[in-house]
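Enquirer: Got a structure for you, protein.cif, holding mmCIF, C-alpha atoms.
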```cif
data_my_file
loop_
_atom_site.group_PDB
_atom_site.id
_atom_site.type_symbol
_atom_site.label_atom_id
_atom_site.label_comp_id
_atom_site.auth_asym_id
_atom_site.auth_seq_id
_atom_site.Cartn_x
_atom_site.Cartn_y
_atom_site.Cartn_z
ATOM 1 C CA MET A 1 -5.264 -59.090 7.954
ATOM 2 C CA LYS A 2 -1.815 -57.973 6.893
ATOM 3 C CA ALA A 3 -3.137 -56.767 3.556
ATOM 4 C CA LEU A 4 -5.930 -54.868 5.295
ATOM 5 C CA LEU A 5 -3.423 -53.219 7.612
ATOM 6 C CA PHE A 6 -1.217 -52.342 4.662
ATOM 7 C CA ALA A 7 -4.156 -50.865 2.779
ATOM 8 C CA PHE A 8 -5.144 -48.866 5.850
ATOM 9 C CA MET A 9 -1.625 -47.511 6.237
ATOM 10 C CA LEU A 10 -1.432 -46.641 2.572
ATOM 11 C CA CYS A 11 -4.693 -44.748 2.819
ATOM 12 C CA ALA A 12 -3.479 -42.934 5.898
ATOM 13 C CA THR A 13 -0.239 -41.965 4.165
ATOM 14 C CA LEU A 14 -2.064 -40.770 1.082
ATOM 15 C CA ALA A 15 -4.500 -38.761 3.158
ATOM 16 C CA ARG A 16 -1.658 -37.115 5.081
ATOM 17 C CA ALA A 17 0.199 -36.300 1.872
ATOM 18 C CA ASP A 18 -3.013 -34.949 0.414
ATOM 19 C CA VAL A 19 -3.564 -32.232 3.032
ATOM 20 C CA PRO A 20 -0.288 -30.342 2.527
ATOM 21 C CA ALA A 21 -0.766 -30.434 -1.268
ATOM 22 C CA GLU A 22 -4.205 -28.882 -0.894
ATOM 23 C CA LEU A 23 -2.905 -26.316 1.623
ATOM 24 C CA GLU A 24 0.036 -25.555 -0.626
ATOM 25 C CA ALA A 25 -2.271 -24.860 -3.543
ATOM 26 C CA ARG A 26 -4.378 -22.535 -1.397
ATOM 27 C CA GLU A 27 -1.246 -20.842 -0.062
ATOM 28 C CA ALA A 28 0.064 -20.312 -3.600
ATOM 29 C CA GLY A 29 -3.318 -18.958 -4.676
ATOM 30 C CA LEU A 30 -3.442 -16.465 -1.801
ATOM 31 C CA ALA A 31 0.181 -15.418 -2.304
ATOM 32 C CA ALA A 32 -0.627 -14.699 -5.958
ATOM 33 C CA GLN A 33 -3.562 -12.421 -5.115
ATOM 34 C CA LEU A 34 -1.887 -10.411 -2.359
ATOM 35 C CA ARG A 35 0.473 -7.534 -3.033
ATOM 36 C CA CYS A 36 3.884 -7.244 -1.428
ATOM 37 C CA VAL A 37 3.611 -3.789 0.153
ATOM 38 C CA VAL A 38 7.369 -3.193 0.029
ATOM 39 C CA CYS A 39 7.884 -3.853 -3.666
ATOM 40 C CA GLN A 40 4.344 -2.814 -4.630
ATOM 41 C CA ASN A 41 4.331 -4.052 -8.221
ATOM 42 C CA GLN A 42 4.904 -7.664 -7.267
ATOM 43 C CA THR A 43 2.641 -10.175 -5.645
ATOM 44 C CA VAL A 44 3.644 -11.898 -2.434
ATOM 45 C CA SER A 45 4.451 -15.067 -4.373
ATOM 46 C CA GLU A 46 6.743 -13.269 -6.840
ATOM 47 C CA SER A 47 8.612 -11.111 -4.373
ATOM 48 C CA ASN A 48 11.908 -11.915 -2.688
ATOM 49 C CA ALA A 49 11.480 -9.162 -0.090
ATOM 50 C CA PRO A 50 11.778 -10.326 3.533
ATOM 51 C CA LEU A 51 8.300 -8.972 4.236
ATOM 52 C CA ALA A 52 6.860 -11.134 1.436
ATOM 53 C CA ALA A 53 8.545 -14.169 3.003
ATOM 54 C CA ASP A 54 6.952 -13.229 6.342
ATOM 55 C CA MET A 55 3.581 -12.891 4.644
ATOM 56 C CA ARG A 56 3.923 -16.326 2.990
ATOM 57 C CA ARG A 57 4.819 -17.834 6.359
ATOM 58 C CA GLU A 58 1.818 -16.128 7.954
ATOM 59 C CA ILE A 59 -0.508 -17.357 5.188
ATOM 60 C CA ARG A 60 0.711 -20.913 5.738
ATOM 61 C CA ALA A 61 0.372 -20.696 9.522
ATOM 62 C CA GLN A 62 -3.170 -19.357 9.259
ATOM 63 C CA LEU A 63 -4.239 -21.988 6.733
ATOM 64 C CA GLN A 64 -2.788 -24.712 8.946
ATOM 65 C CA ALA A 65 -4.763 -23.243 11.839
ATOM 66 C CA GLY A 66 -7.897 -23.780 9.765
ATOM 67 C CA ARG A 67 -8.701 -20.222 8.700
ATOM 68 C CA SER A 68 -10.489 -19.731 5.391
ATOM 69 C CA ASP A 69 -8.985 -17.917 2.388
ATOM 70 C CA ALA A 70 -11.313 -14.966 3.026
ATOM 71 C CA ASP A 71 -10.118 -14.816 6.671
ATOM 72 C CA VAL A 72 -6.507 -14.608 5.522
ATOM 73 C CA VAL A 73 -7.215 -11.844 3.005
ATOM 74 C CA ALA A 74 -9.171 -9.922 5.664
ATOM 75 C CA PHE A 75 -6.240 -10.333 8.077
ATOM 76 C CA PHE A 76 -3.857 -8.650 5.654
ATOM 77 C CA GLU A 77 -6.345 -6.013 4.572
ATOM 78 C CA GLN A 78 -6.891 -4.974 8.184
ATOM 79 C CA ARG A 79 -3.132 -4.419 8.569
ATOM 80 C CA TYR A 80 -2.005 -3.079 5.203
ATOM 81 C CA GLY A 81 -5.220 -1.604 3.770
ATOM 82 C CA ALA A 82 -7.143 -2.416 0.594
ATOM 83 C CA PHE A 83 -3.906 -1.937 -1.352
ATOM 84 C CA VAL A 84 -2.821 -5.504 -0.482
ATOM 85 C CA HIS A 85 -5.323 -6.835 -2.991
ATOM 86 C CA TYR A 86 -3.250 -7.230 -6.149
ATOM 87 C CA THR A 87 -6.465 -6.992 -8.169
ATOM 88 C CA PRO A 88 -8.547 -4.155 -6.734
ATOM 89 C CA PRO A 89 -11.857 -5.417 -5.309
ATOM 90 C CA LEU A 90 -15.037 -3.998 -6.862
ATOM 91 C CA ARG A 91 -16.306 -1.476 -4.295
ATOM 92 C CA PRO A 92 -17.829 2.022 -4.417
ATOM 93 C CA SER A 93 -14.327 3.495 -3.937
ATOM 94 C CA THR A 94 -12.984 1.566 -6.947
ATOM 95 C CA TRP A 95 -15.962 1.970 -9.295
ATOM 96 C CA LEU A 96 -14.236 4.800 -11.165
ATOM 97 C CA LEU A 97 -11.069 2.718 -11.439
ATOM 98 C CA TRP A 98 -12.917 -0.236 -12.944
ATOM 99 C CA ALA A 99 -15.417 1.699 -15.087
ATOM 100 C CA GLY A 100 -13.110 4.574 -16.138
ATOM 101 C CA PRO A 101 -11.546 2.957 -19.225
ATOM 102 C CA PHE A 102 -14.912 1.720 -20.512
ATOM 103 C CA VAL A 103 -16.588 5.087 -19.858
ATOM 104 C CA GLY A 104 -13.705 6.821 -21.683
ATOM 105 C CA ALA A 105 -13.922 4.447 -24.647
ATOM 106 C CA ALA A 106 -17.719 4.865 -24.832
ATOM 107 C CA ALA A 107 -17.382 8.674 -24.728
ATOM 108 C CA GLY A 108 -14.780 8.582 -27.511
ATOM 109 C CA LEU A 109 -16.956 6.301 -29.637
ATOM 110 C CA ALA A 110 -20.007 8.543 -29.086
ATOM 111 C CA ALA A 111 -17.992 11.628 -30.107
ATOM 112 C CA LEU A 112 -16.731 9.842 -33.217
ATOM 113 C CA ILE A 113 -20.259 8.775 -34.224
ATOM 114 C CA ALA A 114 -21.583 12.317 -33.640
ATOM 115 C CA VAL A 115 -18.880 13.840 -35.847
ATOM 116 C CA LEU A 116 -19.375 11.278 -38.620
ATOM 117 C CA ARG A 117 -23.154 11.807 -38.566
ATOM 118 C CA ARG A 118 -22.801 15.573 -38.775
ATOM 119 C CA ARG A 119 -20.428 15.164 -41.693
ATOM 120 C CA GLY A 120 -22.868 12.805 -43.402
ATOM 121 C CA ARG A 121 -25.685 15.360 -43.157
ATOM 122 C CA GLN A 122 -23.703 18.122 -44.904
ATOM 123 C CA PRO A 123 -25.044 18.543 -48.494
ATOM 124 C CA VAL A 124 -22.807 17.283 -51.254
ATOM 125 C CA ALA A 125 -21.802 20.200 -53.538
ATOM 126 C CA ALA A 126 -24.418 20.675 -56.266
ATOM 127 C CA PRO A 127 -23.253 19.732 -59.785
ATOM 128 C CA LEU A 128 -22.324 22.639 -62.049
ATOM 129 C CA SER A 129 -24.942 23.990 -64.381
ATOM 130 C CA ALA A 130 -24.233 23.808 -68.122
ATOM 131 C CA VAL A 131 -23.503 27.566 -68.260
ATOM 132 C CA ASP A 132 -21.054 27.385 -65.350
ATOM 133 C CA LYS A 133 -19.379 24.326 -66.815
ATOM 134 C CA ALA A 134 -18.863 26.043 -70.179
ATOM 135 C CA ARG A 135 -17.429 29.073 -68.398
ATOM 136 C CA ALA A 136 -15.069 26.953 -66.331
ATOM 137 C CA GLU A 137 -13.839 25.142 -69.426
ATOM 138 C CA ARG A 138 -13.273 28.429 -71.183
ATOM 139 C CA LEU A 139 -11.224 29.730 -68.276
ATOM 140 C CA LEU A 140 -9.174 26.529 -68.123
ATOM 141 C CA ASN A 141 -8.489 26.602 -71.866
ATOM 142 C CA GLU A 142 -7.500 30.251 -71.622
ATOM 143 C CA GLU A 143 -5.015 29.260 -68.982
ATOM 144 C CA ALA A 144 -3.618 26.488 -71.163
ATOM 145 C CA LEU A 145 -3.219 28.758 -74.185
ATOM 146 C CA ARG A 146 -1.245 31.383 -72.306
ATOM 147 C CA MET B 1 -15.244 27.653 -30.113
ATOM 148 C CA ARG B 2 -14.180 24.695 -32.186
ATOM 149 C CA PHE B 3 -10.896 24.366 -30.306
ATOM 150 C CA LEU B 4 -12.253 25.258 -26.885
ATOM 151 C CA LEU B 5 -13.440 21.763 -25.978
ATOM 152 C CA PRO B 6 -10.177 19.937 -26.838
ATOM 153 C CA LEU B 7 -8.252 22.713 -25.080
ATOM 154 C CA LEU B 8 -10.340 22.325 -21.917
ATOM 155 C CA ALA B 9 -9.939 18.543 -22.060
ATOM 156 C CA PHE B 10 -6.188 18.955 -22.423
ATOM 157 C CA LEU B 11 -5.997 21.422 -19.525
ATOM 158 C CA ALA B 12 -8.036 19.135 -17.263
ATOM 159 C CA LEU B 13 -5.758 16.201 -18.099
ATOM 160 C CA ALA B 14 -2.635 18.338 -17.577
ATOM 161 C CA VAL B 15 -3.854 19.442 -14.135
ATOM 162 C CA VAL B 16 -4.681 15.861 -13.066
ATOM 163 C CA LEU B 17 -1.347 14.487 -14.290
ATOM 164 C CA GLY B 18 0.530 17.503 -12.857
ATOM 165 C CA LEU B 19 -0.966 16.865 -9.409
ATOM 166 C CA GLY B 20 0.051 13.210 -9.740
ATOM 167 C CA MET B 21 3.673 14.249 -10.291
ATOM 168 C CA GLY B 22 3.840 15.710 -6.806
ATOM 169 C CA ARG B 23 2.660 12.531 -5.087
ATOM 170 C CA ASP B 24 4.899 9.847 -3.695
ATOM 171 C CA PRO B 25 3.783 6.580 -5.304
ATOM 172 C CA ARG B 26 5.330 4.590 -2.455
ATOM 173 C CA ALA B 27 3.468 6.444 0.286
ATOM 174 C CA LEU B 28 0.724 4.225 1.635
ATOM 175 C CA PRO B 29 -1.926 5.385 4.040
ATOM 176 C CA SER B 30 -1.905 3.309 7.205
ATOM 177 C CA ALA B 31 -4.926 1.085 7.612
ATOM 178 C CA LEU B 32 -4.523 1.490 11.363
ATOM 179 C CA VAL B 33 -5.224 5.205 11.703
ATOM 180 C CA ASN B 34 -8.118 5.733 14.145
ATOM 181 C CA GLN B 35 -8.106 2.006 14.933
ATOM 182 C CA PRO B 36 -7.072 0.508 18.282
ATOM 183 C CA ALA B 37 -3.318 -0.083 18.401
ATOM 184 C CA PRO B 38 -2.506 -3.812 18.349
ATOM 185 C CA ALA B 39 -1.303 -5.364 21.605
ATOM 186 C CA ILE B 40 2.459 -5.819 21.852
ATOM 187 C CA GLY B 41 3.179 -8.013 24.883
ATOM 188 C CA LEU B 42 6.761 -8.738 23.839
ATOM 189 C CA PRO B 43 9.832 -8.992 26.101
ATOM 190 C CA LEU B 44 11.839 -5.824 26.694
ATOM 191 C CA LEU B 45 15.268 -5.425 25.171
ATOM 192 C CA HIS B 46 16.931 -4.429 28.451
ATOM 193 C CA ALA B 47 14.769 -6.554 30.744
ATOM 194 C CA PRO B 48 13.790 -9.750 28.881
ATOM 195 C CA GLN B 49 11.791 -11.075 31.855
ATOM 196 C CA GLN B 50 9.427 -8.084 31.575
ATOM 197 C CA ARG B 51 6.921 -7.509 28.788
ATOM 198 C CA LEU B 52 5.683 -4.320 27.185
ATOM 199 C CA ASP B 53 2.039 -4.053 28.204
ATOM 200 C CA THR B 54 0.356 -1.383 26.091
ATOM 201 C CA ALA B 55 -2.756 -1.496 28.285
ATOM 202 C CA GLN B 56 -0.716 0.162 31.042
ATOM 203 C CA LEU B 57 0.027 3.088 28.728
ATOM 204 C CA ARG B 58 -3.654 4.055 28.529
ATOM 205 C CA GLY B 59 -4.367 7.581 29.651
ATOM 206 C CA GLN B 60 -1.357 9.156 27.987
ATOM 207 C CA VAL B 61 -0.312 9.979 24.466
ATOM 208 C CA TRP B 62 2.753 8.005 23.489
ATOM 209 C CA LEU B 63 4.916 7.244 20.493
ATOM 210 C CA LEU B 64 5.913 3.869 19.151
ATOM 211 C CA ASN B 65 9.037 3.915 17.007
ATOM 212 C CA VAL B 66 9.792 0.793 14.968
ATOM 213 C CA TRP B 67 13.553 0.428 14.563
ATOM 214 C CA ALA B 68 16.407 -1.975 13.913
ATOM 215 C CA SER B 69 20.167 -1.790 14.227
ATOM 216 C CA TRP B 70 20.566 -2.949 10.603
ATOM 217 C CA CYS B 71 18.607 0.066 9.366
ATOM 218 C CA GLU B 72 20.791 3.091 8.643
ATOM 219 C CA PRO B 73 18.025 5.748 8.808
ATOM 220 C CA CYS B 74 17.056 4.359 12.244
ATOM 221 C CA ARG B 75 20.602 4.813 13.447
ATOM 222 C CA ALA B 76 20.503 8.376 12.125
ATOM 223 C CA GLU B 77 17.182 9.319 13.760
ATOM 224 C CA LEU B 78 17.988 7.984 17.256
ATOM 225 C CA PRO B 79 19.845 11.108 18.523
ATOM 226 C CA ALA B 80 17.105 13.412 17.199
ATOM 227 C CA LEU B 81 14.402 11.250 18.802
ATOM 228 C CA LYS B 82 16.177 11.373 22.139
ATOM 229 C CA VAL B 83 16.468 15.165 22.149
ATOM 230 C CA LEU B 84 12.958 15.842 20.844
ATOM 231 C CA ALA B 85 11.040 13.319 22.957
ATOM 232 C CA THR B 86 12.836 14.505 26.101
ATOM 233 C CA ARG B 87 12.267 18.183 25.325
ATOM 234 C CA ASP B 88 8.533 17.786 24.665
ATOM 235 C CA ALA B 89 8.050 15.121 27.362
ATOM 236 C CA VAL B 90 6.510 12.549 25.014
ATOM 237 C CA PRO B 91 6.879 8.947 26.221
ATOM 238 C CA LEU B 92 8.714 7.134 23.426
ATOM 239 C CA TYR B 93 8.618 3.339 23.200
ATOM 240 C CA GLY B 94 10.530 1.254 20.703
ATOM 241 C CA LEU B 95 9.721 -1.866 18.740
ATOM 242 C CA ASN B 96 12.982 -3.553 17.810
ATOM 243 C CA TYR B 97 12.011 -5.117 14.482
ATOM 244 C CA LYS B 98 13.667 -8.331 13.205
ATOM 245 C CA ASP B 99 16.950 -7.606 14.903
ATOM 246 C CA ARG B 100 19.486 -9.392 17.052
ATOM 247 C CA ASP B 101 19.368 -8.339 20.715
ATOM 248 C CA ALA B 102 23.126 -7.944 21.049
ATOM 249 C CA ALA B 103 23.363 -5.712 17.980
ATOM 250 C CA ALA B 104 20.382 -3.661 19.125
ATOM 251 C CA ARG B 105 21.782 -3.122 22.643
ATOM 252 C CA LYS B 106 25.174 -2.241 21.176
ATOM 253 C CA LEU B 107 23.684 0.428 18.908
ATOM 254 C CA LEU B 108 21.724 1.999 21.773
ATOM 255 C CA ALA B 109 24.856 1.985 23.928
ATOM 256 C CA GLN B 110 26.769 3.731 21.145
ATOM 257 C CA VAL B 111 24.362 6.482 20.109
ATOM 258 C CA GLY B 112 22.182 6.791 23.206
ATOM 259 C CA ASN B 113 18.864 5.190 24.090
ATOM 260 C CA PRO B 114 15.861 7.438 23.381
ATOM 261 C CA TYR B 115 13.277 4.872 24.548
ATOM 262 C CA VAL B 116 11.497 4.448 27.849
ATOM 263 C CA ALA B 117 11.576 0.790 26.843
ATOM 264 C CA SER B 118 11.951 -1.178 23.655
ATOM 265 C CA ALA B 119 10.083 -4.398 22.909
ATOM 266 C CA VAL B 120 11.824 -7.159 20.968
ATOM 267 C CA ASP B 121 9.964 -8.309 17.843
ATOM 268 C CA THR B 122 12.401 -10.899 16.531
ATOM 269 C CA ASP B 123 10.188 -12.460 13.852
ATOM 270 C CA GLY B 124 8.348 -9.241 12.909
ATOM 271 C CA ARG B 125 4.939 -10.655 13.794
ATOM 272 C CA VAL B 126 3.872 -7.662 15.922
ATOM 273 C CA GLY B 127 5.309 -5.412 13.210
ATOM 274 C CA MET B 128 2.907 -7.142 10.822
ATOM 275 C CA ASP B 129 0.019 -6.360 13.191
ATOM 276 C CA PHE B 130 1.040 -2.698 12.937
ATOM 277 C CA GLY B 131 1.216 -2.953 9.124
ATOM 278 C CA VAL B 132 4.916 -2.100 9.175
ATOM 279 C CA HIS B 133 6.464 -2.387 5.736
ATOM 280 C CA GLY B 134 9.751 -0.594 6.211
ATOM 281 C CA VAL B 135 11.660 0.668 9.203
ATOM 282 C CA PRO B 136 11.761 3.277 10.616
ATOM 283 C CA GLU B 137 8.089 3.949 11.230
ATOM 284 C CA THR B 138 6.621 6.018 14.032
ATOM 285 C CA PHE B 139 3.083 5.787 15.413
ATOM 286 C CA VAL B 140 1.266 8.355 17.538
ATOM 287 C CA ILE B 141 -1.047 6.519 19.957
ATOM 288 C CA ASP B 142 -3.620 8.439 21.974
ATOM 289 C CA ALA B 143 -4.800 8.069 25.564
ATOM 290 C CA ALA B 144 -7.542 5.639 24.525
ATOM 291 C CA GLY B 145 -5.007 3.401 22.807
ATOM 292 C CA HIS B 146 -5.955 4.380 19.234
ATOM 293 C CA VAL B 147 -3.408 4.979 16.484
ATOM 294 C CA ARG B 148 -3.667 8.606 15.365
ATOM 295 C CA LEU B 149 -0.813 8.966 12.924
ATOM 296 C CA ARG B 150 1.761 6.853 11.207
ATOM 297 C CA HIS B 151 4.966 8.409 9.908
ATOM 298 C CA THR B 152 7.201 6.353 7.623
ATOM 299 C CA GLY B 153 10.872 7.218 7.325
ATOM 300 C CA PRO B 154 13.237 8.858 9.753
ATOM 301 C CA VAL B 155 12.047 11.485 12.222
ATOM 302 C CA THR B 156 13.872 14.777 11.780
ATOM 303 C CA ALA B 157 13.371 18.028 13.676
ATOM 304 C CA GLU B 158 11.140 19.221 10.793
ATOM 305 C CA VAL B 159 8.997 16.061 10.821
ATOM 306 C CA TRP B 160 8.693 16.372 14.590
ATOM 307 C CA ARG B 161 7.652 20.029 14.411
ATOM 308 C CA ASP B 162 5.342 19.804 11.382
ATOM 309 C CA LYS B 163 3.805 16.354 11.666
ATOM 310 C CA LEU B 164 4.269 14.506 14.948
ATOM 311 C CA MET B 165 3.875 17.344 17.472
ATOM 312 C CA PRO B 166 0.710 18.770 15.838
ATOM 313 C CA ALA B 167 -0.822 15.270 15.946
ATOM 314 C CA ILE B 168 0.257 14.809 19.569
ATOM 315 C CA ARG B 169 -1.113 18.234 20.597
ATOM 316 C CA ASN B 170 -4.386 17.423 18.824
ATOM 317 C CA VAL B 171 -5.067 14.397 21.007
ATOM 318 C CA ARG B 172 -3.493 15.570 24.246
#
```
Once more with this new file: its structure as structure tokens, please.
Expert:
Amino acid sequence: MKALLFAFMLCATLARADVPAELEAREAGLAAQLRCVVCQNQTVSESNAPLAADMRREIRAQLQAGRSDADVVAFFEQRYGAFVHYTPPLRPSTWLLWAGPFVGAAAGLAALIAVLRRRGRQPVAAPLSAVDKARAERLLNEEALR
Amino acid sequence: MRFLLPLLAFLALAVVLGLGMGRDPRALPSALVNQPAPAIGLPLLHAPQQRLDTAQLRGQVWLLNVWASWCEPCRAELPALKVLATRDAVPLYGLNYKDRDAAARKLLAQVGNPYVASAVDTDGRVGMDFGVHGVPETFVIDAAGHVRLRHTGPVTAEVWRDKLMPAIRNVR
């Protein structure tokens, strides 16, 4: 009976310790994907700004209240705009942002291929005829004799 | 002709980058513009038993100025706010952001109180609802309770004339 009670208590303790660890991991994950709007180039988890501390506290409070990760992100987006996503979400307004570098690289590659092809098509200079060659040699020798 | 294409590409890039030079990278558009203003419901600085009920402000255009006594630009804009809001008869309410009541009252006593009333947001939670990221910020809220404009930074006579008053006149 005592052992059973002990086992039960151990389980209860483990379970209680387990919840904060899981919440903490989710909180850290959210803080790493949200931008601190004061310091702009830091995430909420990296920043020491008071606002970032407030945001971390708010994330924790909302997770403890049972809100999902998506709820928390939506909460901050409603207040601070899409800019709070540290990684811009893929949306029509960010298509250019995401595709731009690849489109630019593809355009550069296409231009390079076009130029190389055109160069490849240009005829190689025809070899000199025997008469021309003899004349060229004569001129060169003349030059050397002078 | 051979150099025209690279020249055009260069000019296009120069124009784009040149326009970027003139932009403030820290300026963020408010996500709240044209959205209903969040409820405040916080105790008043000078009458802690009363609460600021924004629902009662429906039907008029009003300004919400987020301020704190620890913020130097706020201290500097208070006299201008008092003169301008009185002159143009715009109801000005304050949100005292993450401040101590005693320090806030002392500052208002020193430089003059421009607010009809100021709500006390000690932990900055209502400020978060308004998407405040740095004081001072000023919001224009229309008769239907929608945010129409957010100005970040101190209000000067120029900002009042060129930015706030046009927005206020637009929705009046």
Enquirer: Got a sec to resolve the PyMOL selection byres ((chain A) within 8 of (chain B)) on this structure and send the residues as a ChimeraX atom specification?
Expert: /A:37-38,40,51,54,77-81
Enquirer: When you draw a straight line from CA of Pro73 in chain B to CA of Ala117 in chain B, how long is it in Å?
Expert: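 CA of Ala117 in chain B lies 19.8 Å from CA of Pro73 in chain B.
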Enquirer: Please tell me which residues are no farther than 10 Å from (4.0, -10.7, 26.9) in the file, counting all atoms listed in the file, and write them as an NGL selection string.
Expert: :B and (39-44 or 49-53 or 119)
Enquirer: In Å to one decimal, how far is CA of Pro154 in chain B from CA of Ser69 in chain B?
Expert: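 Distance between the two atoms: 13.5 Å.
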Enquirer: For Arg75 in chain B, list every protein, DNA or RNA residue within 9 Å, evaluated using all atoms listed in the file, and leave out those in the same chain fewer than 5 positions away; present the list as a PDB file with C-alpha atoms, keeping the file's coordinate frame.
Expert:
```
ATOM      1  CA  TRP B  67      13.553   0.428  14.563  1.00  0.00           C
ATOM      2  CA  ALA B  68      16.407  -1.975  13.913  1.00  0.00           C
ATOM      3  CA  SER B  69      20.167  -1.790  14.227  1.00  0.00           C
ATOM      4  CA  TRP B  70      20.566  -2.949  10.603  1.00  0.00           C
ATOM      5  CA  LEU B 107      23.684   0.428  18.908  1.00  0.00           C
ATOM      6  CA  LEU B 108      21.724   1.999  21.773  1.00  0.00           C
ATOM      7  CA  VAL B 111      24.362   6.482  20.109  1.00  0.00           C
TER       8      VAL B 111
END
```
Enquirer: Applying 8 Å and all atoms listed in the file, which residues near Arg56 in chain A remain after dropping the ones on its own chain fewer than 4 positions away? List them as a list in words.
Expert: Glu27, Ala31, Val44, Ser45, Ala52 and Arg60 of chain A
Enquirer: Quick one: of B:Ala143, B:Val120, B:Leu84, B:Ala47, who's nearest to Asn170 in chain B, counting all atoms listed in the file?
Expert: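 Ranking B:Ala143, B:Val120, B:Leu84, B:Ala47 by distance to Asn170 in chain B, first place goes to B:Ala143.
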Enquirer: Can you work out the spacing between CA of Pro166 in chain B and CA of Ala144 in chain B in Å, to one decimal?
Expert: 17.8 Å
Enquirer: Excluding same-chain residues fewer than 5 positions from range 97-112 of chain A, what lies within 9 Å of it counting only C-alpha atoms, as an MDAnalysis selection string?
Expert: chainID A and resid 88 90 117
Enquirer: Check what the PyMOL selection byres ((chain B and resi 64) around 9) selects in the file above and give those residues as a list in words.
Expert: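 With the PyMOL selection byres ((chain B and resi 64) around 9) on this model, the match is Trp62, Leu63, Asn65, Val66, Pro91, Leu92, Tyr93, Gly94, Leu95, Glu137, Thr138, Phe139, Val140 and Ile141 of chain B.
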Enquirer: Could the residues in this selection be written to a file with C-alpha atoms, as a PDB file, in the frame of the given file?
Expert:
```pdb
ATOM      1  CA  TRP B  62       2.753   8.005  23.489  1.00  0.00           C
ATOM      2  CA  LEU B  63       4.916   7.244  20.493  1.00  0.00           C
ATOM      3  CA  ASN B  65       9.037   3.915  17.007  1.00  0.00           C
ATOM      4  CA  VAL B  66       9.792   0.793  14.968  1.00  0.00           C
ATOM      5  CA  PRO B  91       6.879   8.947  26.221  1.00  0.00           C
ATOM      6  CA  LEU B  92       8.714   7.134  23.426  1.00  0.00           C
ATOM      7  CA  TYR B  93       8.618   3.339  23.200  1.00  0.00           C
ATOM      8  CA  GLY B  94      10.530   1.254  20.703  1.00  0.00           C
ATOM      9  CA  LEU B  95       9.721  -1.866  18.740  1.00  0.00           C
ATOM     10  CA  GLU B 137       8.089   3.949  11.230  1.00  0.00           C
ATOM     11  CA  THR B 138       6.621   6.018  14.032  1.00  0.00           C
ATOM     12  CA  PHE B 139       3.083   5.787  15.413  1.00  0.00           C
ATOM     13  CA  VAL B 140       1.266   8.355  17.538  1.00  0.00           C
ATOM     14  CA  ILE B 141      -1.047   6.519  19.957  1.00  0.00           C
TER      15      ILE B 141
END
```
